[in-house]
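Taking it in order: structure first as structure tokens, then the write-up.
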Amino acid sequence: MRSMRLGLALAAVGSVLAACGGGGTSGGATSESDVSGTIRAANWGGNPTENALVKKYEADFMTKYPKIKVTQEEIPTNFEDKIKTEMSANNEPDAMYVSTSLMNFAGPAGRLLDLTPLMSKWGVGADEYIPSLLTPWQLNGKLYALPKDFGDLVLFYNKSMFSSAGLATPTSWDDIKSDAKKLSTGTVKGLSLPADAARFDAFLFGYGGQVLSSDKSKAVFNDQKAQDALTFYSSFQLQDKSSDLPDKLGATWPGDAFGKQKAAMVIEGGWLIPYMHDTYPSVSYGSIQLPKFPVKQSSLLFTNGWGCSAKTKNQDACMLFVKYMTGKVVQQQVLQSGFALPSRKDLGSDPAITSNPDVKNLFDSATFATAWTFGPHESKINDAQNAALQSVLLGKSDVKTALDKAVADANAAISGG
Amino acid sequence: MAVSVAPQAPAATAKGSRRSKRGGMAIAERRAGLLFVTPYLIYFLILQLGALIFAFWVSFHHYDLLALDNPFVGLRNYVRLPANQDFLIAMRNTTEYAVVVVILQTVFALLLAVLLDSKIKGRNFFRSTWYTPSIASSVVISMIFLYVYHPTGLLNSILGLVGIHTTEAYLESTTWALPAIMFLNIWTTAPTFMLMFLAALQDIPKEIYEASAVDGASAVRKLFSITIPLLRPIIFLVVSLGIIGTFQVFDQMFIMTSGGPLKATLSVALLIYDNLFKDTGTVGVACAEAIVLGLVIFALTLISRRVIDTRIEY
């Protein structure tokens, strides 16, 4: 009881100091080895292999910092729902995975700790990370998490299907369009583009369009640029008959259609590589970065970070934990495990990246890719986008009507909240 | 109090002592009764009644799980519901689902029960095998049916055997997704209700059937003039449990379709969940939707009681 009160008092002192901009935080420890305490750390545990890796990294952390004890809390599914519930009951873990979705809920509500003062205290530079990966956690000059890894989109193509059709590696969208037509025969399609905003938005941004206005106050994905992007996206399936939805190809997702060789090209991320290795090892494939769209080159970034609760009583231990989990030692192991790409610049020259052209394409695409995250009403905005894509690709609506309706729905959600 | 009377009047009349004894027992019984219900009462008061009152209170606020300030907005969450497209779609889907499932599962359960009540061979085998789907949790059943309805899954394989070759993705189709979930729910719940009907069938006096047989009634006539009228209380039970269950349908949609495609399987309970967790500041809306759903179920149960559960007259 006494230690709890002491902790509270220290936390209060710490926040006063932080408010003064003094850089000092709870505990008053100035050397990493002096920081002590117990922190609860929640991670998404839906993937047993990834979960075991997190456990290992945490054990390594405790070896390096023997005075800090980390209790792993694995949340196998519905991660954000669980954390939201715990936050509303003031019982959240000290450190946690901060998905972009959790950031959208908890960042604006002030439930996450601003890491900026702690980063300067413990020698963590924001410039160690790939700049586009920091944007999801930035809000009003504060930084609420550090990226732990990322995935983004490239175009994968089936090498043997291309060579047996006498086609060279595509380098532009014109190539992709004509190749897709040539590769489509009967039940096989050149491409499989799903009714999924997590793929289409790469086209939208490449055409110069946006999902939200720059002040994020309304949805704008029905302007001329968005219409052109969706017209192009749907033209493969509707005009050229060179693309189809994965389920029409007897697959659950585009990667599945690619593995079954029902689609010669798909736009997917690094997760396709271990999937193909495990499920369809005999298919030989290559990749290219998404070619330049009419306005710019574009791809989508999906990232997760580690952050701390605004209420943690042990800010220093939590920051050291975040520093370690997003640091070079762990990220190098993440890279070697093949799970995701490292968020750090200093690993760009790692042989695991430079020796594998597909991994290199993915890593390099981060320079022009946009983080795929749309604020507190993201879920309904994406529902609206997906509904528009579905109704266009299922032939139930034309592009303009579908986008107008989706924007109206998204705006209703934004203003209704 | 009767208890205190007894020791003061040891020579009480037989009547008096019986009364006092009964009084003492009544109190002891009442105490024991209270003791027995206390665990559930605590659970009910805190986790059900308490939660209900809290939800009612939240429904008058612009509420967010993470916000520090949740302003009172009066009836706004309720007033806006009729203009809320998602709520209307969810209500329509849920009603459609409830009507089809309740009617079919009741009829199906009754037929199965009547079949199993007759003296057919291997009755016990059928009783246990037909009941099997009801033992598994709805989550497990939903996972299994994901494979049944998969484009290259069990259903399409069976159709292929009889010459219908299709790779229809039932759960991705706006036409088939809802009926597919309806079917799986009928398949899982009908056996439970079959058991209730079976139990009730045992209670119908055999003499009535014998008397009707003497009068020359056919099997169909017996079913419609004796069995069904005498089963009315249990039919009411099955229909109201069906209404309550189907209007609250959640697991199947949550696991199999997330309400898609194009909201074709969005149920009210799923919408409530989405408003609770997937959006910001819509917890009040979710609670208003939950209260309305509760009232709808309550009203429908009352109506079905009026229509079905009339007094049995022999």
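Identifiers in this document derive from the order of the structure tokens: chains are assigned A, B, ..., residues are numbered from 1 separately in each chain, and ligands are numbered from 1 in order of occurrence.
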Inset, instruction - Restrict the distance test to only C-alpha atoms, flag each residue of chain B within 8 Å of chain A, and return the flagged residues as a ChimeraX atom specification. - result: /B:65-68,151-152,167-169,172,261-262,277-282
In segment 10-197 of chain A, DSSP alpha helix (DSSP H) residues written as a PDB file with N, CA and C atoms, in the first residue's frame:
```pdb
ATOM      1  N   LEU A  10       5.240   9.883  -6.772  1.00  0.00           N
ATOM      2  CA  LEU A  10       6.335  10.047  -7.730  1.00  0.00           C
ATOM      3  C   LEU A  10       5.797  10.339  -9.121  1.00  0.00           C
ATOM      4  N   ALA A  11       4.722   9.620  -9.477  1.00  0.00           N
ATOM      5  CA  ALA A  11       4.130   9.853 -10.793  1.00  0.00           C
ATOM      6  C   ALA A  11       3.644  11.291 -10.894  1.00  0.00           C
ATOM      7  N   ALA A  12       3.034  11.782  -9.794  1.00  0.00           N
ATOM      8  CA  ALA A  12       2.530  13.162  -9.799  1.00  0.00           C
ATOM      9  C   ALA A  12       3.688  14.130  -9.960  1.00  0.00           C
ATOM     10  N   VAL A  13       4.739  13.891  -9.181  1.00  0.00           N
ATOM     11  CA  VAL A  13       5.931  14.749  -9.304  1.00  0.00           C
ATOM     12  C   VAL A  13       6.451  14.695 -10.731  1.00  0.00           C
ATOM     13  N   GLY A  14       6.504  13.478 -11.248  1.00  0.00           N
ATOM     14  CA  GLY A  14       7.014  13.282 -12.602  1.00  0.00           C
ATOM     15  C   GLY A  14       6.226  14.078 -13.614  1.00  0.00           C
ATOM     16  N   SER A  15       4.893  14.044 -13.492  1.00  0.00           N
ATOM     17  CA  SER A  15       4.110  14.741 -14.510  1.00  0.00           C
ATOM     18  C   SER A  15       4.278  16.243 -14.374  1.00  0.00           C
ATOM     19  N   VAL A  16       4.470  16.717 -13.112  1.00  0.00           N
ATOM     20  CA  VAL A  16       4.713  18.149 -12.945  1.00  0.00           C
ATOM     21  C   VAL A  16       6.027  18.525 -13.635  1.00  0.00           C
ATOM     22  N   LEU A  17       7.043  17.711 -13.379  1.00  0.00           N
ATOM     23  CA  LEU A  17       8.335  17.991 -13.996  1.00  0.00           C
ATOM     24  C   LEU A  17       8.234  17.954 -15.516  1.00  0.00           C
ATOM     25  N   ALA A  18       7.504  16.937 -16.017  1.00  0.00           N
ATOM     26  CA  ALA A  18       7.373  16.818 -17.464  1.00  0.00           C
ATOM     27  C   ALA A  18       6.678  18.056 -18.015  1.00  0.00           C
ATOM     28  N   ALA A  19       5.676  18.542 -17.248  1.00  0.00           N
ATOM     29  CA  ALA A  19       4.941  19.716 -17.705  1.00  0.00           C
ATOM     30  C   ALA A  19       5.862  20.932 -17.754  1.00  0.00           C
ATOM     31  N   CYS A  20       6.825  20.977 -16.830  1.00  0.00           N
ATOM     32  CA  CYS A  20       7.766  22.084 -16.834  1.00  0.00           C
ATOM     33  C   CYS A  20       8.770  21.956 -17.967  1.00  0.00           C
ATOM     34  N   PRO A  48       0.814 -17.715 -32.794  1.00  0.00           N
ATOM     35  CA  PRO A  48       1.629 -18.379 -31.761  1.00  0.00           C
ATOM     36  C   PRO A  48       3.124 -18.150 -31.952  1.00  0.00           C
ATOM     37  N   THR A  49       3.594 -18.151 -33.196  1.00  0.00           N
ATOM     38  CA  THR A  49       5.020 -17.967 -33.439  1.00  0.00           C
ATOM     39  C   THR A  49       5.447 -16.562 -33.038  1.00  0.00           C
ATOM     40  N   GLU A  50       4.645 -15.579 -33.448  1.00  0.00           N
ATOM     41  CA  GLU A  50       4.977 -14.194 -33.116  1.00  0.00           C
ATOM     42  C   GLU A  50       4.933 -13.998 -31.601  1.00  0.00           C
ATOM     43  N   ASN A  51       3.910 -14.630 -30.975  1.00  0.00           N
ATOM     44  CA  ASN A  51       3.758 -14.516 -29.528  1.00  0.00           C
ATOM     45  C   ASN A  51       4.985 -15.069 -28.806  1.00  0.00           C
ATOM     46  N   ALA A  52       5.475 -16.207 -29.292  1.00  0.00           N
ATOM     47  CA  ALA A  52       6.649 -16.819 -28.666  1.00  0.00           C
ATOM     48  C   ALA A  52       7.867 -15.914 -28.835  1.00  0.00           C
ATOM     49  N   LEU A  53       7.963 -15.244 -29.995  1.00  0.00           N
ATOM     50  CA  LEU A  53       9.086 -14.331 -30.209  1.00  0.00           C
ATOM     51  C   LEU A  53       9.032 -13.172 -29.223  1.00  0.00           C
ATOM     52  N   VAL A  54       7.817 -12.615 -29.016  1.00  0.00           N
ATOM     53  CA  VAL A  54       7.685 -11.502 -28.072  1.00  0.00           C
ATOM     54  C   VAL A  54       8.122 -11.957 -26.686  1.00  0.00           C
ATOM     55  N   LYS A  55       7.709 -13.162 -26.316  1.00  0.00           N
ATOM     56  CA  LYS A  55       8.115 -13.719 -25.012  1.00  0.00           C
ATOM     57  C   LYS A  55       9.641 -13.775 -24.895  1.00  0.00           C
ATOM     58  N   LYS A  56      10.277 -14.207 -25.980  1.00  0.00           N
ATOM     59  CA  LYS A  56      11.734 -14.318 -25.963  1.00  0.00           C
ATOM     60  C   LYS A  56      12.380 -12.937 -25.827  1.00  0.00           C
ATOM     61  N   TYR A  57      11.879 -11.959 -26.620  1.00  0.00           N
ATOM     62  CA  TYR A  57      12.451 -10.606 -26.545  1.00  0.00           C
ATOM     63  C   TYR A  57      12.298 -10.049 -25.130  1.00  0.00           C
ATOM     64  N   GLU A  58      11.161 -10.348 -24.511  1.00  0.00           N
ATOM     65  CA  GLU A  58      10.928  -9.823 -23.162  1.00  0.00           C
ATOM     66  C   GLU A  58      11.874 -10.480 -22.154  1.00  0.00           C
ATOM     67  N   ALA A  59      12.145 -11.779 -22.354  1.00  0.00           N
ATOM     68  CA  ALA A  59      13.110 -12.450 -21.473  1.00  0.00           C
ATOM     69  C   ALA A  59      14.497 -11.832 -21.658  1.00  0.00           C
ATOM     70  N   ASP A  60      14.871 -11.565 -22.916  1.00  0.00           N
ATOM     71  CA  ASP A  60      16.163 -10.918 -23.189  1.00  0.00           C
ATOM     72  C   ASP A  60      16.238  -9.549 -22.519  1.00  0.00           C
ATOM     73  N   PHE A  61      15.116  -8.836 -22.575  1.00  0.00           N
ATOM     74  CA  PHE A  61      15.059  -7.500 -21.956  1.00  0.00           C
ATOM     75  C   PHE A  61      15.326  -7.602 -20.462  1.00  0.00           C
ATOM     76  N   MET A  62      14.699  -8.604 -19.809  1.00  0.00           N
ATOM     77  CA  MET A  62      14.865  -8.743 -18.369  1.00  0.00           C
ATOM     78  C   MET A  62      16.281  -9.179 -18.010  1.00  0.00           C
ATOM     79  N   THR A  63      16.944  -9.879 -18.924  1.00  0.00           N
ATOM     80  CA  THR A  63      18.344 -10.223 -18.691  1.00  0.00           C
ATOM     81  C   THR A  63      19.200  -8.969 -18.745  1.00  0.00           C
ATOM     82  N   LYS A  64      18.876  -8.083 -19.695  1.00  0.00           N
ATOM     83  CA  LYS A  64      19.653  -6.864 -19.852  1.00  0.00           C
ATOM     84  C   LYS A  64      19.367  -5.872 -18.716  1.00  0.00           C
ATOM     85  N   PHE A  79      -7.846  -7.281 -30.064  1.00  0.00           N
ATOM     86  CA  PHE A  79      -6.866  -6.617 -29.210  1.00  0.00           C
ATOM     87  C   PHE A  79      -7.338  -5.232 -28.757  1.00  0.00           C
ATOM     88  N   GLU A  80      -7.782  -4.413 -29.732  1.00  0.00           N
ATOM     89  CA  GLU A  80      -8.161  -3.043 -29.398  1.00  0.00           C
ATOM     90  C   GLU A  80      -9.375  -3.010 -28.466  1.00  0.00           C
ATOM     91  N   ASP A  81     -10.339  -3.935 -28.690  1.00  0.00           N
ATOM     92  CA  ASP A  81     -11.543  -3.960 -27.850  1.00  0.00           C
ATOM     93  C   ASP A  81     -11.165  -4.203 -26.394  1.00  0.00           C
ATOM     94  N   LYS A  82     -10.251  -5.151 -26.202  1.00  0.00           N
ATOM     95  CA  LYS A  82      -9.828  -5.500 -24.852  1.00  0.00           C
ATOM     96  C   LYS A  82      -9.120  -4.320 -24.187  1.00  0.00           C
ATOM     97  N   ILE A  83      -8.194  -3.697 -24.932  1.00  0.00           N
ATOM     98  CA  ILE A  83      -7.445  -2.574 -24.354  1.00  0.00           C
ATOM     99  C   ILE A  83      -8.393  -1.407 -24.050  1.00  0.00           C
ATOM    100  N   LYS A  84      -9.352  -1.163 -24.953  1.00  0.00           N
ATOM    101  CA  LYS A  84     -10.315  -0.076 -24.716  1.00  0.00           C
ATOM    102  C   LYS A  84     -11.089  -0.332 -23.427  1.00  0.00           C
ATOM    103  N   THR A  85     -11.537  -1.586 -23.262  1.00  0.00           N
ATOM    104  CA  THR A  85     -12.291  -1.919 -22.059  1.00  0.00           C
ATOM    105  C   THR A  85     -11.422  -1.729 -20.824  1.00  0.00           C
ATOM    106  N   GLU A  86     -10.165  -2.189 -20.911  1.00  0.00           N
ATOM    107  CA  GLU A  86      -9.272  -2.042 -19.754  1.00  0.00           C
ATOM    108  C   GLU A  86      -8.998  -0.568 -19.456  1.00  0.00           C
ATOM    109  N   MET A  87      -8.859   0.234 -20.516  1.00  0.00           N
ATOM    110  CA  MET A  87      -8.606   1.662 -20.297  1.00  0.00           C
ATOM    111  C   MET A  87      -9.799   2.320 -19.624  1.00  0.00           C
ATOM    112  N   SER A  88     -11.013   1.935 -20.066  1.00  0.00           N
ATOM    113  CA  SER A  88     -12.183   2.594 -19.483  1.00  0.00           C
ATOM    114  C   SER A  88     -12.358   2.162 -18.028  1.00  0.00           C
ATOM    115  N   THR A 100      -2.402   1.163 -35.304  1.00  0.00           N
ATOM    116  CA  THR A 100      -2.891   2.472 -35.749  1.00  0.00           C
ATOM    117  C   THR A 100      -4.335   2.653 -35.307  1.00  0.00           C
ATOM    118  N   SER A 101      -5.095   1.544 -35.256  1.00  0.00           N
ATOM    119  CA  SER A 101      -6.485   1.640 -34.836  1.00  0.00           C
ATOM    120  C   SER A 101      -6.578   2.036 -33.361  1.00  0.00           C
ATOM    121  N   LEU A 102      -5.739   1.423 -32.505  1.00  0.00           N
ATOM    122  CA  LEU A 102      -5.752   1.800 -31.085  1.00  0.00           C
ATOM    123  C   LEU A 102      -5.315   3.252 -30.919  1.00  0.00           C
ATOM    124  N   MET A 103      -4.321   3.659 -31.704  1.00  0.00           N
ATOM    125  CA  MET A 103      -3.860   5.048 -31.663  1.00  0.00           C
ATOM    126  C   MET A 103      -5.012   6.003 -31.974  1.00  0.00           C
ATOM    127  N   ASN A 104      -5.842   5.634 -32.968  1.00  0.00           N
ATOM    128  CA  ASN A 104      -6.968   6.483 -33.349  1.00  0.00           C
ATOM    129  C   ASN A 104      -7.952   6.687 -32.204  1.00  0.00           C
ATOM    130  N   PHE A 105      -8.127   5.646 -31.389  1.00  0.00           N
ATOM    131  CA  PHE A 105      -9.049   5.751 -30.263  1.00  0.00           C
ATOM    132  C   PHE A 105      -8.387   6.448 -29.070  1.00  0.00           C
ATOM    133  N   ALA A 106      -7.179   5.955 -28.717  1.00  0.00           N
ATOM    134  CA  ALA A 106      -6.591   6.324 -27.432  1.00  0.00           C
ATOM    135  C   ALA A 106      -5.748   7.590 -27.505  1.00  0.00           C
ATOM    136  N   THR A 116       7.947  11.832 -26.199  1.00  0.00           N
ATOM    137  CA  THR A 116       9.006  12.762 -26.600  1.00  0.00           C
ATOM    138  C   THR A 116       9.992  13.083 -25.465  1.00  0.00           C
ATOM    139  N   PRO A 117       9.518  13.534 -24.267  1.00  0.00           N
ATOM    140  CA  PRO A 117      10.500  13.861 -23.212  1.00  0.00           C
ATOM    141  C   PRO A 117      11.309  12.651 -22.761  1.00  0.00           C
ATOM    142  N   LEU A 118      10.649  11.482 -22.716  1.00  0.00           N
ATOM    143  CA  LEU A 118      11.353  10.278 -22.281  1.00  0.00           C
ATOM    144  C   LEU A 118      12.390   9.843 -23.296  1.00  0.00           C
ATOM    145  N   MET A 119      12.089  10.092 -24.576  1.00  0.00           N
ATOM    146  CA  MET A 119      13.038   9.705 -25.617  1.00  0.00           C
ATOM    147  C   MET A 119      14.313  10.505 -25.482  1.00  0.00           C
ATOM    148  N   SER A 120      14.205  11.824 -25.191  1.00  0.00           N
ATOM    149  CA  SER A 120      15.433  12.607 -25.060  1.00  0.00           C
ATOM    150  C   SER A 120      16.154  12.228 -23.772  1.00  0.00           C
ATOM    151  N   LYS A 121      15.376  11.834 -22.744  1.00  0.00           N
ATOM    152  CA  LYS A 121      16.026  11.437 -21.499  1.00  0.00           C
ATOM    153  C   LYS A 121      16.843  10.155 -21.669  1.00  0.00           C
ATOM    154  N   LYS A 159       6.415 -15.962 -62.039  1.00  0.00           N
ATOM    155  CA  LYS A 159       7.473 -15.969 -63.057  1.00  0.00           C
ATOM    156  C   LYS A 159       7.205 -16.981 -64.175  1.00  0.00           C
ATOM    157  N   SER A 160       6.739 -18.196 -63.786  1.00  0.00           N
ATOM    158  CA  SER A 160       6.585 -19.209 -64.843  1.00  0.00           C
ATOM    159  C   SER A 160       5.408 -18.861 -65.754  1.00  0.00           C
ATOM    160  N   MET A 161       4.340 -18.292 -65.208  1.00  0.00           N
ATOM    161  CA  MET A 161       3.228 -17.909 -66.070  1.00  0.00           C
ATOM    162  C   MET A 161       3.655 -16.801 -67.030  1.00  0.00           C
ATOM    163  N   PHE A 162       4.476 -15.864 -66.537  1.00  0.00           N
ATOM    164  CA  PHE A 162       4.957 -14.791 -67.398  1.00  0.00           C
ATOM    165  C   PHE A 162       5.856 -15.332 -68.496  1.00  0.00           C
ATOM    166  N   SER A 163       6.786 -16.236 -68.131  1.00  0.00           N
ATOM    167  CA  SER A 163       7.741 -16.693 -69.155  1.00  0.00           C
ATOM    168  C   SER A 163       7.055 -17.603 -70.169  1.00  0.00           C
ATOM    169  N   SER A 164       6.067 -18.431 -69.719  1.00  0.00           N
ATOM    170  CA  SER A 164       5.424 -19.295 -70.715  1.00  0.00           C
ATOM    171  C   SER A 164       4.530 -18.482 -71.650  1.00  0.00           C
ATOM    172  N   TRP A 173       2.150   0.650 -65.505  1.00  0.00           N
ATOM    173  CA  TRP A 173       0.761   0.203 -65.437  1.00  0.00           C
ATOM    174  C   TRP A 173       0.242  -0.220 -66.812  1.00  0.00           C
ATOM    175  N   ASP A 174       0.776   0.412 -67.881  1.00  0.00           N
ATOM    176  CA  ASP A 174       0.385  -0.018 -69.233  1.00  0.00           C
ATOM    177  C   ASP A 174       0.800  -1.469 -69.462  1.00  0.00           C
ATOM    178  N   ASP A 175       2.050  -1.808 -69.012  1.00  0.00           N
ATOM    179  CA  ASP A 175       2.520  -3.196 -69.125  1.00  0.00           C
ATOM    180  C   ASP A 175       1.589  -4.128 -68.364  1.00  0.00           C
ATOM    181  N   ILE A 176       1.298  -3.736 -67.109  1.00  0.00           N
ATOM    182  CA  ILE A 176       0.491  -4.612 -66.262  1.00  0.00           C
ATOM    183  C   ILE A 176      -0.877  -4.851 -66.895  1.00  0.00           C
ATOM    184  N   LYS A 177      -1.444  -3.767 -67.485  1.00  0.00           N
ATOM    185  CA  LYS A 177      -2.781  -3.888 -68.057  1.00  0.00           C
ATOM    186  C   LYS A 177      -2.779  -4.832 -69.268  1.00  0.00           C
ATOM    187  N   SER A 178      -1.759  -4.662 -70.141  1.00  0.00           N
ATOM    188  CA  SER A 178      -1.770  -5.524 -71.333  1.00  0.00           C
ATOM    189  C   SER A 178      -1.351  -6.954 -70.981  1.00  0.00           C
ATOM    190  N   ASP A 179      -0.397  -7.100 -70.018  1.00  0.00           N
ATOM    191  CA  ASP A 179       0.001  -8.441 -69.591  1.00  0.00           C
ATOM    192  C   ASP A 179      -1.177  -9.186 -68.965  1.00  0.00           C
ATOM    193  N   ALA A 180      -1.937  -8.461 -68.127  1.00  0.00           N
ATOM    194  CA  ALA A 180      -3.067  -9.105 -67.442  1.00  0.00           C
ATOM    195  C   ALA A 180      -4.043  -9.664 -68.455  1.00  0.00           C
ATOM    196  N   LYS A 181      -4.269  -8.904 -69.534  1.00  0.00           N
ATOM    197  CA  LYS A 181      -5.200  -9.385 -70.578  1.00  0.00           C
ATOM    198  C   LYS A 181      -4.659 -10.650 -71.224  1.00  0.00           C
ATOM    199  N   LYS A 182      -3.357 -10.621 -71.539  1.00  0.00           N
ATOM    200  CA  LYS A 182      -2.765 -11.782 -72.226  1.00  0.00           C
ATOM    201  C   LYS A 182      -2.744 -13.016 -71.336  1.00  0.00           C
ATOM    202  N   LEU A 183      -2.648 -12.815 -70.029  1.00  0.00           N
ATOM    203  CA  LEU A 183      -2.525 -13.951 -69.123  1.00  0.00           C
ATOM    204  C   LEU A 183      -3.888 -14.540 -68.721  1.00  0.00           C
ATOM    205  N   ALA A 197     -10.418  -1.678 -49.420  1.00  0.00           N
ATOM    206  CA  ALA A 197      -9.806  -0.348 -49.389  1.00  0.00           C
ATOM    207  C   ALA A 197      -8.323  -0.432 -49.058  1.00  0.00           C
TER     208      ALA A 197
END
```
Inset, instruction - Could you tell me how far atom CA of Leu270 of chain B lies from atom CA of Leu88 of chain B, in Å and to one decimal? - result: 13.1 Å
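What separates atom CA of Val283 of chain B from atom CA of His62 of chain B is a distance of 7.4 Å.
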Legend entry - Residue contacts of Trp137 of chain A (10 Å, only C-alpha atoms) excluding same-chain residues fewer than 4 positions away, as a PyMOL selection string: chain A and resi 98-100+103-104+107+114+133+141-147+304-305+307
Prev. selection, N, CA and C atoms, output as a compact mmCIF listing (two decimals), in the first residue's frame:
```txt
# COMPACT_ATOMS: atom_id res chain seq x y z
N VAL A 98 0.66 -0.68 -29.89
CA VAL A 98 -0.28 0.37 -30.28
C VAL A 98 -0.48 0.22 -31.79
N SER A 99 -1.59 -0.39 -32.15
CA SER A 99 -1.92 -0.47 -33.57
C SER A 99 -2.38 0.91 -34.00
N THR A 100 -2.40 1.16 -35.30
CA THR A 100 -2.89 2.47 -35.75
C THR A 100 -4.33 2.65 -35.31
N MET A 103 -4.32 3.66 -31.70
CA MET A 103 -3.86 5.05 -31.66
C MET A 103 -5.01 6.00 -31.97
N ASN A 104 -5.84 5.63 -32.97
CA ASN A 104 -6.97 6.48 -33.35
C ASN A 104 -7.95 6.69 -32.20
N GLY A 107 -5.18 7.89 -28.68
CA GLY A 107 -4.33 9.08 -28.80
C GLY A 107 -5.10 10.36 -28.53
N ASP A 114 2.90 10.60 -23.95
CA ASP A 114 3.76 11.27 -24.93
C ASP A 114 5.20 10.84 -24.65
N LEU A 133 6.99 6.08 -41.05
CA LEU A 133 6.44 5.18 -40.04
C LEU A 133 6.14 5.90 -38.73
N GLY A 141 2.00 17.60 -32.18
CA GLY A 141 3.39 17.76 -31.73
C GLY A 141 3.85 16.72 -30.73
N LYS A 142 3.00 15.73 -30.44
CA LYS A 142 3.41 14.68 -29.51
C LYS A 142 3.59 13.37 -30.27
N LEU A 143 4.35 12.47 -29.64
CA LEU A 143 4.59 11.17 -30.27
C LEU A 143 4.17 10.08 -29.28
N TYR A 144 3.19 9.25 -29.67
CA TYR A 144 2.56 8.35 -28.70
C TYR A 144 3.03 6.90 -28.79
N ALA A 145 3.85 6.58 -29.77
CA ALA A 145 4.37 5.21 -29.85
C ALA A 145 5.55 5.22 -30.80
N LEU A 146 6.35 4.17 -30.75
CA LEU A 146 7.44 4.00 -31.71
C LEU A 146 7.15 2.77 -32.56
N PRO A 147 7.39 2.87 -33.87
CA PRO A 147 7.04 1.75 -34.75
C PRO A 147 7.91 0.54 -34.48
N ASN A 304 2.64 -1.21 -36.74
CA ASN A 304 2.29 -1.33 -35.33
C ASN A 304 3.42 -0.73 -34.53
N GLY A 305 3.08 -0.20 -33.36
CA GLY A 305 4.12 0.35 -32.51
C GLY A 305 4.04 -0.20 -31.11
N GLY A 307 3.87 1.38 -27.26
CA GLY A 307 3.67 2.63 -26.54
C GLY A 307 3.36 2.35 -25.08
```
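Going from atom CA of Thr326 of chain A to atom CA of Val124 of chain A covers 10.1 Å.
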Legend entry - Which of segment 214-357 of chain A fall in strand (DSSP E), as a PyMOL selection string: chain A and resi 263-268+285-288+300-308
Legend entry - For Leu272 of chain A: contacts at 10 Å, only C-alpha atoms, fewer than 5 positions along chain excluded, given as a ChimeraX atom specification: /A:156,254-256,258-259,266-267,277-278
Just the selected residues (N, CA and C atoms), exported as a PDB file, in the first residue's frame, please.
```
ATOM      1  N   PHE A 156       3.332  -8.633 -56.822  1.00  0.00           N
ATOM      2  CA  PHE A 156       3.969  -9.938 -57.010  1.00  0.00           C
ATOM      3  C   PHE A 156       3.482 -10.525 -58.328  1.00  0.00           C
ATOM      4  N   PRO A 254      -6.445 -12.737 -52.111  1.00  0.00           N
ATOM      5  CA  PRO A 254      -5.651 -12.707 -53.347  1.00  0.00           C
ATOM      6  C   PRO A 254      -4.409 -13.587 -53.288  1.00  0.00           C
ATOM      7  N   GLY A 255      -3.734 -13.632 -52.120  1.00  0.00           N
ATOM      8  CA  GLY A 255      -2.538 -14.460 -51.997  1.00  0.00           C
ATOM      9  C   GLY A 255      -2.847 -15.930 -52.239  1.00  0.00           C
ATOM     10  N   ASP A 256      -4.025 -16.360 -51.798  1.00  0.00           N
ATOM     11  CA  ASP A 256      -4.465 -17.737 -52.006  1.00  0.00           C
ATOM     12  C   ASP A 256      -4.651 -18.009 -53.514  1.00  0.00           C
ATOM     13  N   PHE A 258      -3.150 -16.417 -55.865  1.00  0.00           N
ATOM     14  CA  PHE A 258      -1.806 -16.367 -56.437  1.00  0.00           C
ATOM     15  C   PHE A 258      -1.111 -17.711 -56.242  1.00  0.00           C
ATOM     16  N   GLY A 259      -1.235 -18.272 -55.033  1.00  0.00           N
ATOM     17  CA  GLY A 259      -0.607 -19.559 -54.751  1.00  0.00           C
ATOM     18  C   GLY A 259      -1.203 -20.675 -55.581  1.00  0.00           C
ATOM     19  N   VAL A 266      -0.677 -10.279 -58.078  1.00  0.00           N
ATOM     20  CA  VAL A 266      -1.464  -9.738 -56.959  1.00  0.00           C
ATOM     21  C   VAL A 266      -0.691  -8.594 -56.330  1.00  0.00           C
ATOM     22  N   ILE A 267      -1.426  -7.695 -55.682  1.00  0.00           N
ATOM     23  CA  ILE A 267      -0.799  -6.613 -54.932  1.00  0.00           C
ATOM     24  C   ILE A 267      -0.918  -6.983 -53.464  1.00  0.00           C
ATOM     25  N   HIS A 277       6.005 -19.689 -49.049  1.00  0.00           N
ATOM     26  CA  HIS A 277       7.029 -20.658 -48.660  1.00  0.00           C
ATOM     27  C   HIS A 277       6.398 -21.865 -47.971  1.00  0.00           C
ATOM     28  N   ASP A 278       5.393 -21.604 -47.108  1.00  0.00           N
ATOM     29  CA  ASP A 278       4.780 -22.694 -46.341  1.00  0.00           C
ATOM     30  C   ASP A 278       3.719 -23.444 -47.134  1.00  0.00           C
TER      31      ASP A 278
END
```
Inset, instruction - Extract, using only C-alpha atoms, all DNA, RNA and protein residues at most 10 Å from Val35 of chain A, discarding same-chain residues fewer than 2 positions from it, and format them as a list in words. - result: Ser26, Gly27, Gly28, Ala29, Thr30, Ser31, Glu32, Ser33, Gly37, Tyr65, Pro66, Lys67, Ile68, Asn314, Gln315, Asp316, Ala317, Cys318 and Leu320 of chain A
Inset, instruction - Considering only C-alpha atoms, return as a PyMOL selection string whatever protein or nucleic-acid residues lie within 10 Å of Leu155 of chain B, sequence-local ones (same chain, fewer than 4 positions apart) excluded. - result: chain B and resi 145+147-151+159-160+166-168+170
